[in-house]
Protein chains: 2
Amino acid sequence: MSHPHPELGPPPPLAPGALRVIPLGGLGEIGRNMTVFEHEGRLLIVDCGVLFPEDHHPGVDLILPDFEPIRDRLDDVEALVLTHGHEDHIGAVPYLLRERPDIPLVGSQLTLALVDAKLREHRLHDVPRHVVRDRQRVAFGPFDLEFVAVNHSIPDALAVAIRTAAGLVLHTGDFKMDQLPLDGRLTDLRAFARLGEEGVDLFLVDSTNAEMPGFTTSERDITPVIDGIFTRAERRIIVACFASHVHRVQQVLDAAAKHGRKVAYVGRSMVRNMSVATELGFLRVPPGLVVDVKELDNYEPHEIVLISTGSQGEPLSALSRIAGRDHPQIRVEPGDTVVLASSLIPGNENAVFRVINGLTRWGANVIHKGNALVHVSGHASAGELLYAYNIVKPRNVLPVHGEIRHMRANADLAAATGVPRERIVLAEDGVVVDLVDGVARIAGKVDCGYVFVDGSTVGDITESSLKDRRILGEEGFISVIVVVDSVTGKVTGGPEIKARGFAEDDSVFDPVRPLIQEALDRAGRDGIDDTYQLQQLIRRTVGKWVSDSYRRRPMIIPVVVEI
Amino acid sequence: MSHPHPELGPPPPLAPGALRVIPLGGLGEIGRNMTVFEHEGRLLIVDCGVLFPEDHHPGVDLILPDFEPIRDRLDDVEALVLTHGHEDHIGAVPYLLRERPDIPLVGSQLTLALVDAKLREHRLHDVPRHVVRDRQRVAFGPFDLEFVAVNHSIPDALAVAIRTAAGLVLHTGDFKMDQLPLDGRLTDLRAFARLGEEGVDLFLVDSTNAEMPGFTTSERDITPVIDGIFTRAERRIIVACFASHVHRVQQVLDAAAKHGRKVAYVGRSMVRNMSVATELGFLRVPPGLVVDVKELDNYEPHEIVLISTGSQGEPLSALSRIAGRDHPQIRVEPGDTVVLASSLIPGNENAVFRVINGLTRWGANVIHKGNALVHVSGHASAGELLYAYNIVKPRNVLPVHGEIRHMRANADLAAATGVPRERIVLAEDGVVVDLVDGVARIAGKVDCGYVFVDGSTVGDITESSLKDRRILGEEGFISVIVVVDSVTGKVTGGPEIKARGFAEDDSVFDPVRPLIQEALDRAGRDGIDDTYQLQQLIRRTVGKWVSDSYRRRPMIIPVVVEI
């Protein structure tokens, strides 16, 4: 099994007839999935998603894959295949299309409908699009694609088989293998088997749940739990879930219809996505069931279900505002039942528990993953992955979609089914894998970092700005301003001290003012009038004082203004 | 069931013969446990712990209970009872003793030994101390105390019964009811029963795990899992756990002895605590088993176990440094086995997964709570709490130690065993509960906030500084400095622009300089020379520019220096 090698250099030119895989995101993290395939000088991209920032990326709105390794080859791109409509697979599409707006988009009906909404927001029009469905086969340049139905936590997801002269590649996208899916659309294991019979040379497999033993519980097992909640609830019910989880929303709609409650959607993305899903027939809504949130006053609390965004405790979401009694239309009341029918994404725990505590404080009864079976994962657990490996019997395996711990667990599963360790490639973003003569091997590494979106800027914020933010956010800053006469070199104004995030009261700086003055006087006597040297002097003086007096290390920003 | 009422006023004077409970911490959060009891003008304190800050308290080292409500009554304190030696129960003791150094400390042998180490660090000497043991009875002023053995994730933990003329109070401290504890020391349910027969008027009960259905797994069930790990490991084993978890360390020592490996402790608190525990006989160490980390070079990898701190991914801990290959003595190698034998405290997930990914990247095999039974909780689950309620049959219940969601779940359990809802008091920090004539009722509320420790300062950092830090940490700042002649009111220097956490390159500010200049010129023409008005002008100009150009909201700090 190959381990990622930090010392790898750039890959050599690709051998004729071979296939190159360049992962630009999703290998080493859960999110921003993007994989580039190269063959005969042409490129095919599978997925183009965003990563949601963690606490060590303060203030960042989104993280994109780094397009730099293919930036000067965008004209070679034959198509961008989107396996399904989740943000971590489609969220970065508008940013790629900014660089070349006519890349053909290929995906299922629902996937492209969700992309369309996104493109409209970004004012991107006339993007070429190819709606495909499972078992369909279509070629883009040298890439002969076949789509395979898979089930996941959003409808209409597809795996993709890529045939080239170099061999047959199967990329699962995100998938699980629910054997009793709510919509009856199974992961097409007969197609997996047929492709396996033909011979899968490289199998790219979703690693997200590879560490989970056993099998992901069927979506169907949630139905009786939701029914029980509806049976017991005496007042209003609020269900929060992911705005793309059409199956979960369908379950809530069905329960509402059965128990004689009206449903209103709350939250912009929920309203938008459910309108798309209803229009395309993915959501079956009995007439008159769904009402506008403004009409809720016409109903009693026991006649109402709200389906809301905010299941991850996002501060500005509908549910957070309800928990803080800060929502313009909805006030949580004692006896309300709130269901968080979603996973708890690592890093969001504190935010989610704040919402749960807020709701509980107002007397709501809160049901969540921790105390009831109100969510199941959208990803295949270890048991399912073993089925996939045994049905496909791939020649080479590249675990994708996961942190290194997930990919390593997935690699171990492949090995357990008999794939030779040396045919399992463990690679992180930027590590280039070539399939040559039926053998996959690491060929080198391209530079590919995090690209941060902050406000309307893309890529302007770098790791060094984030480091500054981390220091500022932990310790605050002290700025010391002095004015120097550029002719005489004499200090003519200041020191003025401005600080934020350090202390409530500026009088804490009274003891350091004379120290700064003394240092400046000494510099004057020694003939030091260079701006940089004066700044260093101030920085040292204040830094030592603050460390000695407070054992703290705020950012110290000396400013010397020459007049 | 009483709900916390934000509109509560200060409590009236306490009725003669009654008992007052003033929770200063731990009711509404997991941590900084501290409860004050008042009777006949005298005070008894149970526990005095710290809370570890979350992401919305950036840069804060520790959070203390607010001593303000008892600050002018410290001379009335008869004793400070410490139920066990965890930081969230003893961590704030030195800060309280700073205010009155001769408060008598009461606790078990191990608890006071761990407090002693802490007092030495804070240079507090000659603090009066009373070592007590279970079933012992001792009076402090009007408070007649009896101690009851409980089991928890640290040895020598005690519950405390408090008898006064107002009735009998039983405070569980942190506890669980492991029926096969490793050290044979059971939670003394016979004492619980005897006190129940006598009549418990108020029962303060640990809520931490009240949401967990069923029973907390016995510590004993971890033993075969650890044994299996030792059997399979071919190279070095590193076990990370809490530095106070003597039972877990004992299990690792036993496994090491059985499998012929030497043990070294890594991390300052691990070395210190295990030395205390060994000395007092709580840890049984076969001669020659434990060696110094410096001696490890004398052994082969398969002869070594390291027991380390850092199971929560703390950035400066031994394990984090090992994962980052940044530890002076220990280099993780392919084939090493790393066990995180601890819980995953909410909020620490990303940090812990970063450590796991780091270790995995170097080829280590990482075993944790998510993939093996290597940790059990130290707190009673719902099933155990039901036993406790049924054995004690309390007249009144006050759930303690938990967020509101945990206390609410605990209250529901009490109600399920037949405690009348109106005798169950749901109170948060500062909500005062009086026990009068055998009935517990909310009597009012005292102000009690968070007290932040940052560096060597206690209480200087307030919510407003933290708000500044959050803005700085998310968005950075832009500071604009101008120099104004105090006589003429004319701008004679600047605008100088300094920014951090906003952009890499100062040239982004080129477009705003003329806008500032223009605004200042206009102000000059309009005769505006007031410093505050000039600052506002700069703030508005830069704020509008940055919002329009970048859709971002950094902190804007205008500085007008008068010379």
# chains A, B, ... in the order shown; residues from 1 in each chain; ligands from 1
>>> interface_residues(of="chain B", to="chain A", cutoff="6 Å", atoms="only C-alpha atoms", output="list of chain:residue names")
B:Pro58, B:Gly59, B:Pro346, B:Gly347, B:Glu349, B:Asn350, B:Asn357, B:Ile404, B:Arg405, B:Gly455, B:Ser456, B:Ile461, B:Ser465, B:Asp468, B:Arg469, B:Arg470, B:Leu472, B:Gly473, B:Glu474, B:Glu475, B:Gly476, B:Gly493, B:Gly501, B:Ala503, B:Tyr550, B:Arg551, B:Arg552, B:Ile563
>>> atom_distance(atom1="atom CA of Leu112 of chain A", atom2="atom CA of Leu44 of chain A")
17.3 Å
>>> atom_distance(atom1="atom CA of Val50 of chain A", atom2="atom CA of Ile367 of chain B")
29.6 Å
>>> closest_residue(among="A:Thr216, A:Ser244, A:Ser207, A:Thr164", to="Val397 of chain A", atoms="only C-alpha atoms")
A:Ser207
>>> select_by_dssp(residues="segment 150-353 of chain B", states="strand (DSSP E)", output="PDB file with N, CA and C atoms, in the first residue's frame")
ATOM      1  N   VAL B 150     -18.553   7.078  46.336  1.00  0.00           N
ATOM      2  CA  VAL B 150     -19.170   6.906  45.008  1.00  0.00           C
ATOM      3  C   VAL B 150     -18.063   6.527  44.029  1.00  0.00           C
ATOM      4  N   ALA B 157     -13.615   9.223  45.142  1.00  0.00           N
ATOM      5  CA  ALA B 157     -14.650  10.257  45.038  1.00  0.00           C
ATOM      6  C   ALA B 157     -15.701  10.054  46.127  1.00  0.00           C
ATOM      7  N   LEU B 158     -16.292  11.162  46.551  1.00  0.00           N
ATOM      8  CA  LEU B 158     -17.266  11.141  47.643  1.00  0.00           C
ATOM      9  C   LEU B 158     -18.529  11.909  47.275  1.00  0.00           C
ATOM     10  N   ALA B 159     -19.665  11.382  47.700  1.00  0.00           N
ATOM     11  CA  ALA B 159     -20.879  12.200  47.788  1.00  0.00           C
ATOM     12  C   ALA B 159     -20.897  12.779  49.190  1.00  0.00           C
ATOM     13  N   VAL B 160     -21.731  13.803  49.403  1.00  0.00           N
ATOM     14  CA  VAL B 160     -21.782  14.390  50.737  1.00  0.00           C
ATOM     15  C   VAL B 160     -23.234  14.601  51.168  1.00  0.00           C
ATOM     16  N   ALA B 161     -23.529  14.133  52.386  1.00  0.00           N
ATOM     17  CA  ALA B 161     -24.834  14.407  53.000  1.00  0.00           C
ATOM     18  C   ALA B 161     -24.644  15.569  53.960  1.00  0.00           C
ATOM     19  N   ILE B 162     -25.565  16.523  53.907  1.00  0.00           N
ATOM     20  CA  ILE B 162     -25.463  17.729  54.738  1.00  0.00           C
ATOM     21  C   ILE B 162     -26.710  17.807  55.611  1.00  0.00           C
ATOM     22  N   ARG B 163     -26.498  17.638  56.901  1.00  0.00           N
ATOM     23  CA  ARG B 163     -27.639  17.743  57.818  1.00  0.00           C
ATOM     24  C   ARG B 163     -27.634  19.123  58.471  1.00  0.00           C
ATOM     25  N   THR B 164     -28.767  19.799  58.433  1.00  0.00           N
ATOM     26  CA  THR B 164     -28.953  21.044  59.180  1.00  0.00           C
ATOM     27  C   THR B 164     -30.346  20.965  59.793  1.00  0.00           C
ATOM     28  N   GLY B 167     -33.132  20.255  57.382  1.00  0.00           N
ATOM     29  CA  GLY B 167     -33.374  18.952  56.777  1.00  0.00           C
ATOM     30  C   GLY B 167     -32.088  18.319  56.274  1.00  0.00           C
ATOM     31  N   LEU B 168     -32.252  17.207  55.584  1.00  0.00           N
ATOM     32  CA  LEU B 168     -31.115  16.423  55.101  1.00  0.00           C
ATOM     33  C   LEU B 168     -30.969  16.605  53.590  1.00  0.00           C
ATOM     34  N   VAL B 169     -29.778  17.024  53.206  1.00  0.00           N
ATOM     35  CA  VAL B 169     -29.473  17.214  51.785  1.00  0.00           C
ATOM     36  C   VAL B 169     -28.463  16.151  51.372  1.00  0.00           C
ATOM     37  N   LEU B 170     -28.656  15.552  50.193  1.00  0.00           N
ATOM     38  CA  LEU B 170     -27.646  14.632  49.666  1.00  0.00           C
ATOM     39  C   LEU B 170     -27.191  15.148  48.306  1.00  0.00           C
ATOM     40  N   HIS B 171     -25.881  15.364  48.183  1.00  0.00           N
ATOM     41  CA  HIS B 171     -25.272  15.879  46.946  1.00  0.00           C
ATOM     42  C   HIS B 171     -24.386  14.760  46.406  1.00  0.00           C
ATOM     43  N   LEU B 202     -33.632  17.120  50.173  1.00  0.00           N
ATOM     44  CA  LEU B 202     -33.208  17.697  48.881  1.00  0.00           C
ATOM     45  C   LEU B 202     -32.078  16.838  48.332  1.00  0.00           C
ATOM     46  N   PHE B 203     -32.250  16.410  47.060  1.00  0.00           N
ATOM     47  CA  PHE B 203     -31.291  15.510  46.422  1.00  0.00           C
ATOM     48  C   PHE B 203     -30.700  16.260  45.232  1.00  0.00           C
ATOM     49  N   LEU B 204     -29.403  16.555  45.302  1.00  0.00           N
ATOM     50  CA  LEU B 204     -28.707  17.202  44.192  1.00  0.00           C
ATOM     51  C   LEU B 204     -28.012  16.100  43.397  1.00  0.00           C
ATOM     52  N   VAL B 205     -28.356  15.969  42.109  1.00  0.00           N
ATOM     53  CA  VAL B 205     -27.959  14.778  41.357  1.00  0.00           C
ATOM     54  C   VAL B 205     -27.229  15.156  40.067  1.00  0.00           C
ATOM     55  N   ASP B 206     -26.091  14.526  39.857  1.00  0.00           N
ATOM     56  CA  ASP B 206     -25.274  14.660  38.645  1.00  0.00           C
ATOM     57  C   ASP B 206     -26.114  14.379  37.389  1.00  0.00           C
ATOM     58  N   ILE B 237       3.449   0.747  21.574  1.00  0.00           N
ATOM     59  CA  ILE B 237       2.073   1.134  21.887  1.00  0.00           C
ATOM     60  C   ILE B 237       2.098   2.477  22.615  1.00  0.00           C
ATOM     61  N   ILE B 238       1.259   3.386  22.196  1.00  0.00           N
ATOM     62  CA  ILE B 238       1.095   4.668  22.888  1.00  0.00           C
ATOM     63  C   ILE B 238      -0.376   4.773  23.312  1.00  0.00           C
ATOM     64  N   VAL B 239      -0.621   4.912  24.609  1.00  0.00           N
ATOM     65  CA  VAL B 239      -1.987   5.071  25.095  1.00  0.00           C
ATOM     66  C   VAL B 239      -2.138   6.501  25.624  1.00  0.00           C
ATOM     67  N   ALA B 240      -3.089   7.242  25.077  1.00  0.00           N
ATOM     68  CA  ALA B 240      -3.386   8.580  25.609  1.00  0.00           C
ATOM     69  C   ALA B 240      -4.674   8.506  26.408  1.00  0.00           C
ATOM     70  N   LYS B 262       7.671  -2.494  29.052  1.00  0.00           N
ATOM     71  CA  LYS B 262       7.956  -1.435  30.019  1.00  0.00           C
ATOM     72  C   LYS B 262       7.053  -0.238  29.741  1.00  0.00           C
ATOM     73  N   VAL B 263       6.767   0.532  30.777  1.00  0.00           N
ATOM     74  CA  VAL B 263       5.876   1.688  30.644  1.00  0.00           C
ATOM     75  C   VAL B 263       6.634   2.973  30.969  1.00  0.00           C
ATOM     76  N   ALA B 264       6.418   3.999  30.149  1.00  0.00           N
ATOM     77  CA  ALA B 264       6.914   5.343  30.502  1.00  0.00           C
ATOM     78  C   ALA B 264       5.762   6.330  30.431  1.00  0.00           C
ATOM     79  N   TYR B 265       5.694   7.248  31.407  1.00  0.00           N
ATOM     80  CA  TYR B 265       4.675   8.301  31.387  1.00  0.00           C
ATOM     81  C   TYR B 265       5.202   9.475  30.581  1.00  0.00           C
ATOM     82  N   VAL B 266       4.323  10.093  29.799  1.00  0.00           N
ATOM     83  CA  VAL B 266       4.702  11.230  28.973  1.00  0.00           C
ATOM     84  C   VAL B 266       3.712  12.369  29.224  1.00  0.00           C
ATOM     85  N   ILE B 304       7.755  -1.646  24.549  1.00  0.00           N
ATOM     86  CA  ILE B 304       7.474  -0.310  25.088  1.00  0.00           C
ATOM     87  C   ILE B 304       5.985   0.029  25.058  1.00  0.00           C
ATOM     88  N   VAL B 305       5.506   0.624  26.150  1.00  0.00           N
ATOM     89  CA  VAL B 305       4.209   1.307  26.161  1.00  0.00           C
ATOM     90  C   VAL B 305       4.442   2.713  26.701  1.00  0.00           C
ATOM     91  N   LEU B 306       3.897   3.699  26.002  1.00  0.00           N
ATOM     92  CA  LEU B 306       3.911   5.059  26.522  1.00  0.00           C
ATOM     93  C   LEU B 306       2.501   5.397  26.987  1.00  0.00           C
ATOM     94  N   ILE B 307       2.379   6.012  28.152  1.00  0.00           N
ATOM     95  CA  ILE B 307       1.077   6.503  28.595  1.00  0.00           C
ATOM     96  C   ILE B 307       1.166   8.020  28.625  1.00  0.00           C
ATOM     97  N   SER B 308       0.321   8.637  27.820  1.00  0.00           N
ATOM     98  CA  SER B 308       0.542  10.032  27.464  1.00  0.00           C
ATOM     99  C   SER B 308      -0.690  10.895  27.722  1.00  0.00           C
ATOM    100  N   THR B 337       1.126   1.467  17.407  1.00  0.00           N
ATOM    101  CA  THR B 337      -0.298   1.444  17.740  1.00  0.00           C
ATOM    102  C   THR B 337      -0.568   2.574  18.719  1.00  0.00           C
ATOM    103  N   VAL B 338      -1.537   3.439  18.392  1.00  0.00           N
ATOM    104  CA  VAL B 338      -1.882   4.541  19.290  1.00  0.00           C
ATOM    105  C   VAL B 338      -3.333   4.352  19.732  1.00  0.00           C
ATOM    106  N   VAL B 339      -3.545   4.377  21.057  1.00  0.00           N
ATOM    107  CA  VAL B 339      -4.889   4.193  21.594  1.00  0.00           C
ATOM    108  C   VAL B 339      -5.327   5.487  22.277  1.00  0.00           C
ATOM    109  N   LEU B 340      -6.445   6.050  21.846  1.00  0.00           N
ATOM    110  CA  LEU B 340      -7.021   7.200  22.559  1.00  0.00           C
ATOM    111  C   LEU B 340      -8.096   6.658  23.499  1.00  0.00           C
TER     112      LEU B 340
END
>>> residues_around(residues="Gly430 of chain B", least_positions_apart="4", cutoff="12 Å", atoms="only C-alpha atoms", output="PyMOL selection string")
chain B and resi 4-6+8-11+20-28+34-36+65-70+426+442-450
>>> atom_distance(atom1="atom CA of Asp521 of chain B", atom2="atom CA of Val487 of chain A")
24.8 Å
>>> closest_residue(among="B:Val542, B:Val93, B:Phe175, B:His125", to="Pro511 of chain B", atoms="only C-alpha atoms")
B:Val542
>>> closest_residue(among="B:Thr531, B:Ser507, B:Gln136, B:Thr541", to="Asp485 of chain B", atoms="only C-alpha atoms")
B:Thr531
>>> decode(residues="segment 387-405 of chain A", atoms="N, CA, C and O atoms", output="PDB file, in the first residue's frame")
ATOM      1  N   TYR A 387     -19.085  -5.597   0.311  1.00  0.00           N
ATOM      2  CA  TYR A 387     -19.915  -6.058  -0.810  1.00  0.00           C
ATOM      3  C   TYR A 387     -19.431  -5.452  -2.125  1.00  0.00           C
ATOM      4  O   TYR A 387     -19.267  -6.139  -3.131  1.00  0.00           O
ATOM      5  N   ALA A 388     -19.214  -4.133  -2.087  1.00  0.00           N
ATOM      6  CA  ALA A 388     -18.819  -3.431  -3.318  1.00  0.00           C
ATOM      7  C   ALA A 388     -17.508  -4.005  -3.863  1.00  0.00           C
ATOM      8  O   ALA A 388     -17.399  -4.299  -5.064  1.00  0.00           O
ATOM      9  N   TYR A 389     -16.526  -4.186  -2.964  1.00  0.00           N
ATOM     10  CA  TYR A 389     -15.234  -4.731  -3.432  1.00  0.00           C
ATOM     11  C   TYR A 389     -15.405  -6.150  -3.973  1.00  0.00           C
ATOM     12  O   TYR A 389     -14.820  -6.517  -4.994  1.00  0.00           O
ATOM     13  N   ASN A 390     -16.224  -6.951  -3.286  1.00  0.00           N
ATOM     14  CA  ASN A 390     -16.368  -8.354  -3.718  1.00  0.00           C
ATOM     15  C   ASN A 390     -17.148  -8.469  -5.024  1.00  0.00           C
ATOM     16  O   ASN A 390     -16.911  -9.392  -5.795  1.00  0.00           O
ATOM     17  N   ILE A 391     -18.063  -7.544  -5.258  1.00  0.00           N
ATOM     18  CA  ILE A 391     -18.830  -7.583  -6.507  1.00  0.00           C
ATOM     19  C   ILE A 391     -17.986  -7.058  -7.667  1.00  0.00           C
ATOM     20  O   ILE A 391     -17.991  -7.612  -8.755  1.00  0.00           O
ATOM     21  N   VAL A 392     -17.226  -5.986  -7.423  1.00  0.00           N
ATOM     22  CA  VAL A 392     -16.459  -5.362  -8.509  1.00  0.00           C
ATOM     23  C   VAL A 392     -15.128  -6.089  -8.746  1.00  0.00           C
ATOM     24  O   VAL A 392     -14.666  -6.195  -9.868  1.00  0.00           O
ATOM     25  N   LYS A 393     -14.518  -6.605  -7.683  1.00  0.00           N
ATOM     26  CA  LYS A 393     -13.184  -7.227  -7.779  1.00  0.00           C
ATOM     27  C   LYS A 393     -12.220  -6.392  -8.629  1.00  0.00           C
ATOM     28  O   LYS A 393     -11.730  -6.821  -9.677  1.00  0.00           O
ATOM     29  N   PRO A 394     -11.925  -5.174  -8.139  1.00  0.00           N
ATOM     30  CA  PRO A 394     -11.105  -4.258  -8.942  1.00  0.00           C
ATOM     31  C   PRO A 394      -9.638  -4.685  -8.977  1.00  0.00           C
ATOM     32  O   PRO A 394      -9.151  -5.343  -8.070  1.00  0.00           O
ATOM     33  N   ARG A 395      -8.944  -4.275 -10.040  1.00  0.00           N
ATOM     34  CA  ARG A 395      -7.495  -4.550 -10.139  1.00  0.00           C
ATOM     35  C   ARG A 395      -6.685  -3.567  -9.300  1.00  0.00           C
ATOM     36  O   ARG A 395      -5.670  -3.936  -8.732  1.00  0.00           O
ATOM     37  N   ASN A 396      -7.151  -2.304  -9.260  1.00  0.00           N
ATOM     38  CA  ASN A 396      -6.480  -1.280  -8.454  1.00  0.00           C
ATOM     39  C   ASN A 396      -7.539  -0.472  -7.713  1.00  0.00           C
ATOM     40  O   ASN A 396      -8.643  -0.281  -8.232  1.00  0.00           O
ATOM     41  N   VAL A 397      -7.185   0.015  -6.548  1.00  0.00           N
ATOM     42  CA  VAL A 397      -8.136   0.767  -5.738  1.00  0.00           C
ATOM     43  C   VAL A 397      -7.522   2.112  -5.315  1.00  0.00           C
ATOM     44  O   VAL A 397      -6.356   2.163  -4.914  1.00  0.00           O
ATOM     45  N   LEU A 398      -8.320   3.174  -5.440  1.00  0.00           N
ATOM     46  CA  LEU A 398      -7.921   4.482  -4.918  1.00  0.00           C
ATOM     47  C   LEU A 398      -9.041   4.984  -3.996  1.00  0.00           C
ATOM     48  O   LEU A 398     -10.088   5.429  -4.480  1.00  0.00           O
ATOM     49  N   PRO A 399      -8.860   4.865  -2.671  1.00  0.00           N
ATOM     50  CA  PRO A 399      -9.889   5.399  -1.773  1.00  0.00           C
ATOM     51  C   PRO A 399      -9.981   6.912  -1.959  1.00  0.00           C
ATOM     52  O   PRO A 399      -8.957   7.601  -2.032  1.00  0.00           O
ATOM     53  N   VAL A 400     -11.230   7.425  -2.030  1.00  0.00           N
ATOM     54  CA  VAL A 400     -11.438   8.873  -2.179  1.00  0.00           C
ATOM     55  C   VAL A 400     -12.421   9.333  -1.116  1.00  0.00           C
ATOM     56  O   VAL A 400     -12.967   8.537  -0.359  1.00  0.00           O
ATOM     57  N   HIS A 401     -12.664  10.625  -1.069  1.00  0.00           N
ATOM     58  CA  HIS A 401     -13.672  11.213  -0.182  1.00  0.00           C
ATOM     59  C   HIS A 401     -13.482  10.839   1.276  1.00  0.00           C
ATOM     60  O   HIS A 401     -14.214  10.028   1.829  1.00  0.00           O
ATOM     61  N   GLY A 402     -12.510  11.447   1.902  1.00  0.00           N
ATOM     62  CA  GLY A 402     -12.326  11.196   3.317  1.00  0.00           C
ATOM     63  C   GLY A 402     -11.041  11.798   3.825  1.00  0.00           C
ATOM     64  O   GLY A 402     -10.171  12.211   3.051  1.00  0.00           O
ATOM     65  N   GLU A 403     -10.966  11.901   5.137  1.00  0.00           N
ATOM     66  CA  GLU A 403      -9.697  12.243   5.755  1.00  0.00           C
ATOM     67  C   GLU A 403      -8.799  11.015   5.652  1.00  0.00           C
ATOM     68  O   GLU A 403      -9.256   9.920   5.331  1.00  0.00           O
ATOM     69  N   ILE A 404      -7.542  11.189   5.978  1.00  0.00           N
ATOM     70  CA  ILE A 404      -6.593  10.086   5.808  1.00  0.00           C
ATOM     71  C   ILE A 404      -7.019   8.877   6.643  1.00  0.00           C
ATOM     72  O   ILE A 404      -6.903   7.735   6.211  1.00  0.00           O
ATOM     73  N   ARG A 405      -7.628   9.133   7.828  1.00  0.00           N
ATOM     74  CA  ARG A 405      -8.060   7.996   8.642  1.00  0.00           C
ATOM     75  C   ARG A 405      -9.161   7.192   7.953  1.00  0.00           C
ATOM     76  O   ARG A 405      -9.216   5.974   8.071  1.00  0.00           O
TER      77      ARG A 405
END
